[in-house]
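Q: Got a file for you: input05.cif, mmCIF, C-alpha atoms.
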```cif
data_model
loop_
_atom_site.label_atom_id
_atom_site.label_comp_id
_atom_site.auth_asym_id
_atom_site.auth_seq_id
_atom_site.Cartn_x
_atom_site.Cartn_y
_atom_site.Cartn_z
CA MET Q 1 10.18 9.29 17.68
CA LEU Q 2 11.38 12.47 16.06
CA GLY Q 3 10.05 13.81 12.76
CA ASN Q 4 11.74 16.73 11.01
CA LYS Q 5 9.69 19.68 9.81
CA LYS Q 6 9.49 20.04 6.05
CA LYS Q 7 8.00 23.10 4.37
CA GLY Q 8 5.59 22.48 1.55
CA LEU Q 9 2.01 21.67 0.70
CA GLY Q 10 0.28 19.60 3.41
CA GLY Q 11 2.44 17.98 6.05
CA GLY Q 12 0.66 19.30 9.14
CA ASN Q 13 -1.64 16.50 10.24
CA CYS Q 14 0.27 13.83 8.33
CA GLN Q 15 3.57 14.82 9.90
CA ILE Q 16 1.99 14.20 13.30
CA SER Q 17 0.34 10.92 12.22
CA SER Q 18 3.60 9.70 10.64
CA THR Q 19 5.60 10.53 13.76
CA LEU Q 20 2.95 8.79 15.87
CA TYR Q 21 3.10 5.77 13.53
CA ASN Q 22 6.84 5.47 14.10
CA ALA Q 23 6.41 5.75 17.88
CA VAL Q 24 3.70 3.04 17.75
CA LEU Q 25 6.02 0.78 15.73
CA LEU Q 26 8.86 1.23 18.21
CA ALA Q 27 6.50 0.69 21.16
CA ASN Q 28 5.54 -2.65 19.58
CA LEU Q 29 1.83 -1.80 19.50
CA GLU Q 30 -0.60 -3.30 16.99
CA ILE Q 31 -1.10 -1.44 13.70
CA VAL Q 32 -4.79 -1.67 12.71
CA GLN Q 33 -4.84 0.62 9.66
CA ARG Q 34 -2.17 2.63 7.86
CA TYR Q 35 -1.93 4.17 4.40
CA ASN Q 36 1.19 5.63 2.82
CA HIS Q 37 1.28 8.93 0.96
CA GLY Q 38 1.33 9.09 -2.82
CA PHE Q 39 4.86 10.53 -2.60
CA ASN Q 40 7.85 10.21 -0.30
CA THR Q 41 7.28 12.92 2.32
CA GLY Q 42 10.89 13.54 3.32
CA TYR Q 43 10.12 14.12 7.01
CA VAL Q 44 10.23 10.40 7.80
CA PRO Q 45 11.99 7.61 5.87
CA ALA Q 46 10.16 5.96 2.97
CA GLY Q 47 7.79 3.30 4.23
CA ARG Q 48 7.41 4.99 7.62
CA ASP Q 49 4.73 7.55 6.79
CA ALA Q 50 1.03 7.40 7.69
CA THR Q 51 -1.37 9.61 5.80
CA VAL Q 52 -4.61 10.93 7.28
CA SER Q 53 -7.36 12.92 5.62
CA TRP Q 54 -10.78 14.12 6.73
CA GLY Q 55 -13.28 11.55 5.47
CA GLY Q 56 -10.50 9.55 3.83
CA PRO Q 57 -7.46 7.51 4.86
CA ASP Q 58 -6.79 7.18 8.57
CA PHE Q 59 -4.12 5.78 10.84
CA LYS Q 60 -5.36 3.44 13.56
CA PHE Q 61 -3.53 1.39 16.15
CA LYS Q 62 -4.50 -0.69 19.15
CA ASN Q 63 -3.01 -0.85 22.60
CA ASN Q 64 -2.49 -4.62 22.66
CA ARG Q 65 -0.82 -4.50 26.07
CA ASP Q 66 -2.31 -5.50 29.41
CA TYR Q 67 -1.77 -2.00 30.78
CA PRO Q 68 -2.63 1.57 29.79
CA ILE Q 69 -0.30 3.71 27.73
CA LYS Q 70 0.36 7.44 27.76
CA ILE Q 71 1.10 9.39 24.57
CA GLU Q 72 2.92 12.72 24.67
CA ALA Q 73 3.51 14.88 21.61
CA SER Q 74 5.49 18.08 21.38
CA TYR Q 75 6.96 20.49 18.87
CA ASP Q 76 10.37 22.06 19.28
CA GLU Q 77 10.29 25.38 17.44
CA LYS Q 78 14.07 25.84 17.56
CA GLU Q 79 14.78 22.37 16.11
CA GLU Q 80 11.62 22.48 13.97
CA ALA Q 81 10.87 18.91 15.00
CA VAL Q 82 7.86 16.97 16.24
CA THR Q 83 8.37 14.36 18.96
CA VAL Q 84 5.90 11.65 19.99
CA SER Q 85 6.65 9.50 23.03
CA ILE Q 86 4.67 6.49 24.25
CA TYR Q 87 4.94 5.43 27.89
CA GLY Q 88 3.70 2.28 29.58
CA THR Q 89 4.60 -0.39 32.10
CA GLN Q 90 7.82 -2.17 31.18
CA THR Q 91 7.26 -5.93 31.33
CA ASP Q 92 10.35 -7.07 29.43
CA ASN Q 93 13.67 -5.82 28.08
CA ASN Q 94 12.83 -6.42 24.43
CA THR Q 95 14.06 -4.03 21.77
CA VAL Q 96 12.46 -3.18 18.44
CA GLU Q 97 14.19 -2.51 15.14
CA ILE Q 98 12.43 -1.09 12.08
CA THR Q 99 13.87 -1.86 8.64
CA THR Q 100 12.74 -1.07 5.12
CA GLU Q 101 13.37 -3.18 2.04
CA HIS Q 102 13.17 -1.38 -1.32
CA SER Q 103 12.20 -3.45 -4.34
CA ASP Q 104 12.61 -0.34 -6.55
CA PRO Q 105 12.95 3.41 -5.86
CA ASN Q 106 9.18 3.82 -5.43
CA THR Q 107 8.13 0.61 -3.65
CA CYS Q 108 9.13 -0.71 -0.24
CA LYS Q 109 8.12 -3.03 2.57
CA THR Q 110 8.63 -2.12 6.21
CA TYR Q 111 9.42 -4.72 8.87
CA ARG Q 112 9.42 -4.69 12.66
CA SER Q 113 11.84 -7.08 14.36
CA VAL Q 114 11.63 -7.74 18.09
CA TYR Q 115 14.68 -8.95 20.02
CA ASP Q 116 14.93 -10.19 23.59
CA GLU Q 117 17.38 -8.75 26.13
CA ASN Q 118 20.12 -11.10 24.85
CA GLY Q 119 19.72 -9.91 21.27
CA THR Q 120 17.93 -13.08 20.12
CA LEU Q 121 15.39 -12.41 17.38
CA LEU Q 122 11.91 -13.24 18.66
CA ARG Q 123 9.97 -12.34 15.52
CA THR Q 124 9.90 -10.20 12.38
CA ASP Q 125 6.61 -8.93 10.98
CA GLU Q 126 5.85 -7.02 7.82
CA VAL Q 127 4.10 -3.88 9.07
CA GLY Q 128 3.73 -1.89 5.88
CA TYR Q 129 3.81 -1.91 2.12
CA SER Q 130 4.30 1.44 0.39
CA LYS Q 131 4.11 2.41 -3.27
CA TYR Q 132 4.96 6.00 -4.20
CA LYS Q 133 4.58 8.02 -7.38
CA GLN Q 134 7.77 9.47 -8.79
#
```
Can you give me the file's structure in the form of structure tokens?
A:
Amino acid sequence: MLGNKKKGLGGGNCQISSTLYNAVLLANLEIVQRYNHGFNTGYVPAGRDATVSWGGPDFKFKNNRDYPIKIEASYDEKEEAVTVSIYGTQTDNNTVEITTEHSDPNTCKTYRSVYDENGTLLRTDEVGYSKYKQ
């Protein structure tokens, strides 16, 4: 998952946690705990951010697979982009799609849909609710 760099207050740790959150969603891993920011960050789509703070909100996920995973993170200075990749043993040909439904400009729900190799929908789960200040 690729997250674009955005200059401004904060963004360092949360840009990494948000990019990791998106990689975890796409890897179909279990989200244990996730909090959205008070504002739309701009470096990931609304509803796809994960804030972290020392002694405060945290992002937690669980490897719910029967095999270990490997996480790689990198920063491309030229592209000014953070990339997080998750690797594991492929046991199926399922694909994951992340969608966001906006009920108003400041509130959204994020869903993860999993499809089998034939494109048949296996399940859709709500994975996040986000409410932002204007």
Q: Here is a test: counting all atoms listed in the file, which residue of Q:Asp92, Q:Glu97, Q:Asp58, Q:Glu79 is nearest to Glu126 (chain Q)?
A: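 Of all the options, Q:Glu97 lies closest to Glu126 (chain Q).
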Q: Please provide the set of residues having any atom within 9 Å of Asn40 (chain Q), restricted to only C-alpha atoms, with same-chain residues fewer than 3 positions apart removed, written as a PyMOL selection string.
A: chain Q and resi 36-37+43-47+49+106+132-134
Q: Could you please take those selected residues and save C-alpha atoms as a PDB file, keeping the file's coordinate frame?
A:
```pdb
ATOM      1  CA  ASN Q  36       1.190   5.630   2.820  1.00  0.00           C
ATOM      2  CA  HIS Q  37       1.280   8.930   0.960  1.00  0.00           C
ATOM      3  CA  TYR Q  43      10.120  14.120   7.010  1.00  0.00           C
ATOM      4  CA  VAL Q  44      10.230  10.400   7.800  1.00  0.00           C
ATOM      5  CA  PRO Q  45      11.990   7.610   5.870  1.00  0.00           C
ATOM      6  CA  ALA Q  46      10.160   5.960   2.970  1.00  0.00           C
ATOM      7  CA  GLY Q  47       7.790   3.300   4.230  1.00  0.00           C
ATOM      8  CA  ASP Q  49       4.730   7.550   6.790  1.00  0.00           C
ATOM      9  CA  ASN Q 106       9.180   3.820  -5.430  1.00  0.00           C
ATOM     10  CA  TYR Q 132       4.960   6.000  -4.200  1.00  0.00           C
ATOM     11  CA  LYS Q 133       4.580   8.020  -7.380  1.00  0.00           C
ATOM     12  CA  GLN Q 134       7.770   9.470  -8.790  1.00  0.00           C
TER      13      GLN Q 134
END
```
Q: What separation in Å, quoted to one decimal, exists between CA of Lys131 (chain Q) and CA of Ile16 (chain Q)?
A: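 Here the two named atoms are 20.4 Å from each other.
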Q: Taking all atoms listed in the file into account, which of Q:Gly38, Q:Gly128, Q:Pro68, Q:Pro105 comes nearest Asn22 (chain Q)?
A: Q:Gly128
Q: Between CA of Pro57 (chain Q) and CA of Ser85 (chain Q), what is the spacing in Å?
A: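 Pair CA of Ser85 (chain Q) / CA of Pro57 (chain Q) returns 23.1 Å.
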